[in-house]
Amino acid sequence: MNFTRSSSPHHHIRRKTSEVMRMVIYAAVPGLMLQTWFFGWGAIVHLLLAVTTAVATEALFLELRKKDFEKAIKDFSAILTALLLAISIPPFAPWWISVLGTFFAIAIVKQLYGGLGFNLFNPAMAAYVMLLISFPVQMTNWTPPLELAQYSHGFVDAVYIIFTGFSAEGYSLAQLKTDIDGFTLATPLDSVKTELTMGKTLTESLQSSVFSDGLSIGWFWINCAYLLGGLVLIRTRVINWHIPGGMILGMLALSLIMYGVDSDVYSSPLFHLFNGGFMLGAFFIATDPVSASTTNRGRLIFGAGIGAWVYIIRTWGGYPDAIAFAVLVMNMAVPLIDYYTRPRTYGHYSEHKKSMKVAKSDKQP
Amino acid sequence: MTSMNEYRELTWQGLWKNNPALVQLLGLCPLLAVTMTVINGLGLGLATMLVLIGSNCTVSLVRNFVPNEIRIPIFVMVIAAFVTIIQLLMNAYTFQLYEALGIFIPLIVTNCAIIGRAEAYASKNPIQYAAFDGFMMGLGFTVILVLLGAMRELLGYGTLFSGADLLFGEWAASLQITVFETESPFLLAILPPGAFLGMGFLIALKNVLDKRIETMMASDTEQKSVMRARVTAEGS
């Protein structure tokens, strides 16, 4: 038996910001690879564009603010923002979408508020919302998974489409969106939403060709990959489990209730959890340490709020997916959540108990 | 001499130091809502300016007869009368602009900048100063409306002065400048968030300029004191 007793300060290795950011980036790689496998090389091209813009913008603005930009760029936070934005936008959006979005994220959402650690909103998601409301056409041009598409496309095609709007063989984006029968395919979330509004039941709308056995082709595995990456991040203690846990719980609670009420009209929890950007949002986007809540109880509330908002907007809102809106809404609530979830200092009473005690001692004499 | 100083002070206050849009942040509702183009901004700015001059003059003229207790309702009625005049005039002569600005013309009544000037300045000063104050405050407001409109129109549609014919008549249609043509307009600039962002940038710009002027003034006085010290050192 070897009882070691150490006095404070207990030895612990404090990870540098750059290490944390790098590990998050590495954990996103499997998801990115699957996205490329299912939907073509567009995400990689946009990633390169976004990272270049992010680094250039960060350097430019830190130089203008007379700060040491070499140190700030080496913390990888700008690159992580670029990565999150690049994998969120449609793979064959024009090149200026990712350039403009990344510039907005770094320059306006991050640097104008004071740089890393001071931004109120998640830069990648604020930029995504800016792009979505400014350029609705380009931001909803999702192509079907390659196995369903009429025309296949490789890396060169991806570069051509992003920069010119046409693939190397001269197919337009509208042609690339068609399936083998020549029909344009919607994303799974979009297709179910449309068919439900047309009065079909959920089982009927899951018969669409973008699903196999009720699971959406491509998106299911991509979400699994991000879930795996996220679990690794929790295991290595880069992120806490509270935010993703809260987000999954919030989504599960609402979707279970509604699915229980009427399973013909409301999609199943499984459908919601493994569709769109849910797992990416839960483990990579909502866990941004700067704009999220900072107490453990607060993180649970913050995550549950995002999960609930995603469900509400997906089901009753105007957009098929809602990670970005949900994250921004809850970012706004963070100061309030943090205020009400301040942990009790050891050796002190909590505010509530203290007031109870005061009330009691007032009565006694 | 003193009257010259008063006019200079009023100009400085209205256009820069106490600008109704940038510093007092009054009348933000029309400011943010209608500035999608330069011409919309200019139209509303001119209407506000005319109302401001008229109401300031009238309030200044009646200032000695108005019982203090009911001054606010009286001021509001004076303002409402002038807004009605402007509204009818715009309806008659610039009908399309009248349609484009819509509810924001009658809403000039509720523009706090106007009641603010009536209460804070016109009700205490003679008519010539009050009229000049109304003119300068209105001009400061109009300049910001036009600047914000230009920013949003340029980013959103890639044009400047589009729809000038609505305000100035047929000949002005040729005033439109197309800076760039785009198939996908930058909707954020045209939508309300663009107005808030643009307004934020304008206020930030003013603060930066103010700070720069301040440091320049400070360094000037510093240099003077240094020179003086040197002179004494040489003298001893």
# chains A, B, ... in the order shown; residues from 1 in each chain; ligands from 1
>>> residues_around(residues="Ala59 of chain A", least_positions_apart="5", cutoff="12 Å", atoms="only C-alpha atoms", output="PDB file with C-alpha atoms, in the first residue's frame")
ATOM      1  CA  THR A  52      -6.345  31.044 -44.908  1.00  0.00           C
ATOM      2  CA  THR A  53      -8.872  33.846 -44.415  1.00  0.00           C
ATOM      3  CA  ALA A  54      -9.023  33.290 -40.664  1.00  0.00           C
ATOM      4  CA  LEU A  64      -4.157  47.047 -36.188  1.00  0.00           C
ATOM      5  CA  ARG A  65      -4.825  46.602 -32.467  1.00  0.00           C
ATOM      6  CA  LYS A  66      -1.037  46.609 -31.883  1.00  0.00           C
ATOM      7  CA  LYS A  67      -0.934  43.130 -30.330  1.00  0.00           C
ATOM      8  CA  ASP A  68       1.460  40.254 -30.834  1.00  0.00           C
ATOM      9  CA  PHE A  69      -0.241  38.373 -33.635  1.00  0.00           C
ATOM     10  CA  GLU A  70       2.274  35.528 -33.890  1.00  0.00           C
ATOM     11  CA  LYS A  71       1.399  34.362 -30.398  1.00  0.00           C
ATOM     12  CA  ALA A  72      -2.337  34.698 -30.995  1.00  0.00           C
ATOM     13  CA  ILE A  73      -2.266  32.754 -34.250  1.00  0.00           C
ATOM     14  CA  LYS A  74      -0.345  29.910 -32.657  1.00  0.00           C
ATOM     15  CA  ALA A  78      -8.951  31.132 -35.333  1.00  0.00           C
ATOM     16  CA  PHE A 103     -13.815  37.354 -42.101  1.00  0.00           C
ATOM     17  CA  ILE A 106     -12.878  36.741 -36.827  1.00  0.00           C
ATOM     18  CA  ALA A 107     -13.034  40.476 -37.490  1.00  0.00           C
ATOM     19  CA  GLN A 111     -11.714  40.853 -32.602  1.00  0.00           C
ATOM     20  CA  GLY A 115     -10.279  38.949 -29.184  1.00  0.00           C
TER      21      GLY A 115
END
>>> select_by_dssp(residues="segment 134-243 of chain A", states="strand (DSSP E or B)", output="list in words")
Ala149, Phe166, Ser172, Thr178, Asp179, Thr184, Phe211, Ser212, Leu215 and Ser216 of chain A
>>> write_last_selection(atoms="C-alpha atoms", output="tab-separated table (two decimals), in the first residue's frame")
chain	number	residue	atom	x	y	z
A	149	ALA	CA	-26.16	11.44	-57.10
A	166	PHE	CA	-19.58	24.53	-62.82
A	172	SER	CA	-23.93	23.04	-62.95
A	178	THR	CA	-30.12	15.53	-58.95
A	179	ASP	CA	-30.40	11.84	-58.20
A	184	THR	CA	-33.42	17.24	-57.05
A	211	PHE	CA	-33.17	7.41	-46.08
A	212	SER	CA	-32.33	3.75	-45.75
A	215	LEU	CA	-31.73	6.43	-41.04
A	216	SER	CA	-30.52	9.22	-43.27
>>> atom_distance(atom1="atom CA of Gly101 of chain A", atom2="atom CA of Ala308 of chain A")
26.3 Å
>>> interface_residues(of="chain B", to="chain A", cutoff="9 Å", atoms="only C-alpha atoms", output="list in words")
Ser184, Pro185, Phe186, Leu187, Leu188, Ala189, Ile190 and Leu191 of chain B
>>> residues_around(residues="Leu336 of chain A", least_positions_apart="2", cutoff="12 Å", atoms="only C-alpha atoms", output="compact mmCIF listing (two decimals) with C-alpha atoms, in the first residue's frame")
# COMPACT_ATOMS: atom_id res chain seq x y z
CA ALA A 292 -20.66 29.08 -23.06
CA SER A 293 -21.68 29.07 -19.42
CA THR A 294 -18.84 28.58 -16.93
CA THR A 295 -20.36 26.72 -13.99
CA GLY A 298 -24.98 26.41 -15.72
CA ILE A 301 -28.87 24.41 -18.34
CA PHE A 302 -27.04 25.99 -21.27
CA MET A 330 -28.36 30.54 -25.42
CA ASN A 331 -25.16 32.63 -25.73
CA MET A 332 -27.36 35.60 -24.93
CA ALA A 333 -28.67 33.82 -21.84
CA VAL A 334 -25.20 32.96 -20.50
CA ASP A 338 -24.00 32.24 -14.72
CA TYR A 339 -25.49 34.71 -12.27
CA TYR A 340 -28.01 32.21 -10.89
CA THR A 341 -25.72 29.16 -10.83
CA ARG A 342 -22.75 30.55 -8.96
>>> closest_atom_pairs(of="segment 106-187 of chain A", to="segment 267-282 of chain A", cutoff="12 Å", atoms="only C-alpha atoms", output="CSV")
residue,atom,partner,partner_atom,distance
A:Asn122,CA,A:Gly281,CA,11.4
A:Ala124,CA,A:Gly281,CA,11.1
A:Met125,CA,A:Gly281,CA,9.8
A:Trp142,CA,A:Gly276,CA,11.4
A:Thr187,CA,A:Gly276,CA,8.4
>>> residues_around(residues="Leu34 of chain A", least_positions_apart="2", cutoff="8 Å", atoms="only C-alpha atoms", output="ChimeraX atom specification")
/A:30-32,36-38,218,221-222,225
>>> write_last_selection(atoms="C-alpha atoms", output="tab-separated table (two decimals), in the first residue's frame")
chain	number	residue	atom	x	y	z
A	30	PRO	CA	-13.02	11.59	-38.49
A	31	GLY	CA	-16.27	13.50	-39.02
A	32	LEU	CA	-14.64	15.69	-41.65
A	36	THR	CA	-15.79	14.19	-47.60
A	37	TRP	CA	-16.50	10.51	-48.27
A	38	PHE	CA	-20.25	10.99	-48.47
A	218	GLY	CA	-24.49	9.78	-44.89
A	221	TRP	CA	-22.56	8.07	-39.97
A	222	ILE	CA	-21.22	11.62	-39.94
A	225	ALA	CA	-18.16	10.14	-36.18
>>> residues_around(residues="Asp213 of chain A", least_positions_apart="6", cutoff="12 Å", atoms="only C-alpha atoms", output="PyMOL selection string")
chain A and resi 203+205-207+220+271
>>> write_last_selection(atoms="N, CA and C atoms", output="PDB file, in the first residue's frame")
ATOM      1  N   THR A 203     -43.766   7.787 -41.149  1.00  0.00           N
ATOM      2  CA  THR A 203     -43.306   6.561 -41.822  1.00  0.00           C
ATOM      3  C   THR A 203     -43.290   6.753 -43.332  1.00  0.00           C
ATOM      4  N   SER A 205     -42.921   9.631 -44.895  1.00  0.00           N
ATOM      5  CA  SER A 205     -41.886  10.560 -45.337  1.00  0.00           C
ATOM      6  C   SER A 205     -40.498   9.956 -45.195  1.00  0.00           C
ATOM      7  N   LEU A 206     -40.363   8.914 -44.376  1.00  0.00           N
ATOM      8  CA  LEU A 206     -39.053   8.255 -44.271  1.00  0.00           C
ATOM      9  C   LEU A 206     -38.812   7.308 -45.451  1.00  0.00           C
ATOM     10  N   GLN A 207     -39.793   7.173 -46.361  1.00  0.00           N
ATOM     11  CA  GLN A 207     -39.600   6.330 -47.544  1.00  0.00           C
ATOM     12  C   GLN A 207     -38.782   7.038 -48.611  1.00  0.00           C
ATOM     13  N   PHE A 220     -26.210  10.029 -40.858  1.00  0.00           N
ATOM     14  CA  PHE A 220     -26.168   9.204 -39.660  1.00  0.00           C
ATOM     15  C   PHE A 220     -24.727   8.882 -39.278  1.00  0.00           C
ATOM     16  N   PHE A 271     -34.047  10.079 -34.837  1.00  0.00           N
ATOM     17  CA  PHE A 271     -33.982  10.909 -36.048  1.00  0.00           C
ATOM     18  C   PHE A 271     -33.356  12.260 -35.729  1.00  0.00           C
TER      19      PHE A 271
END
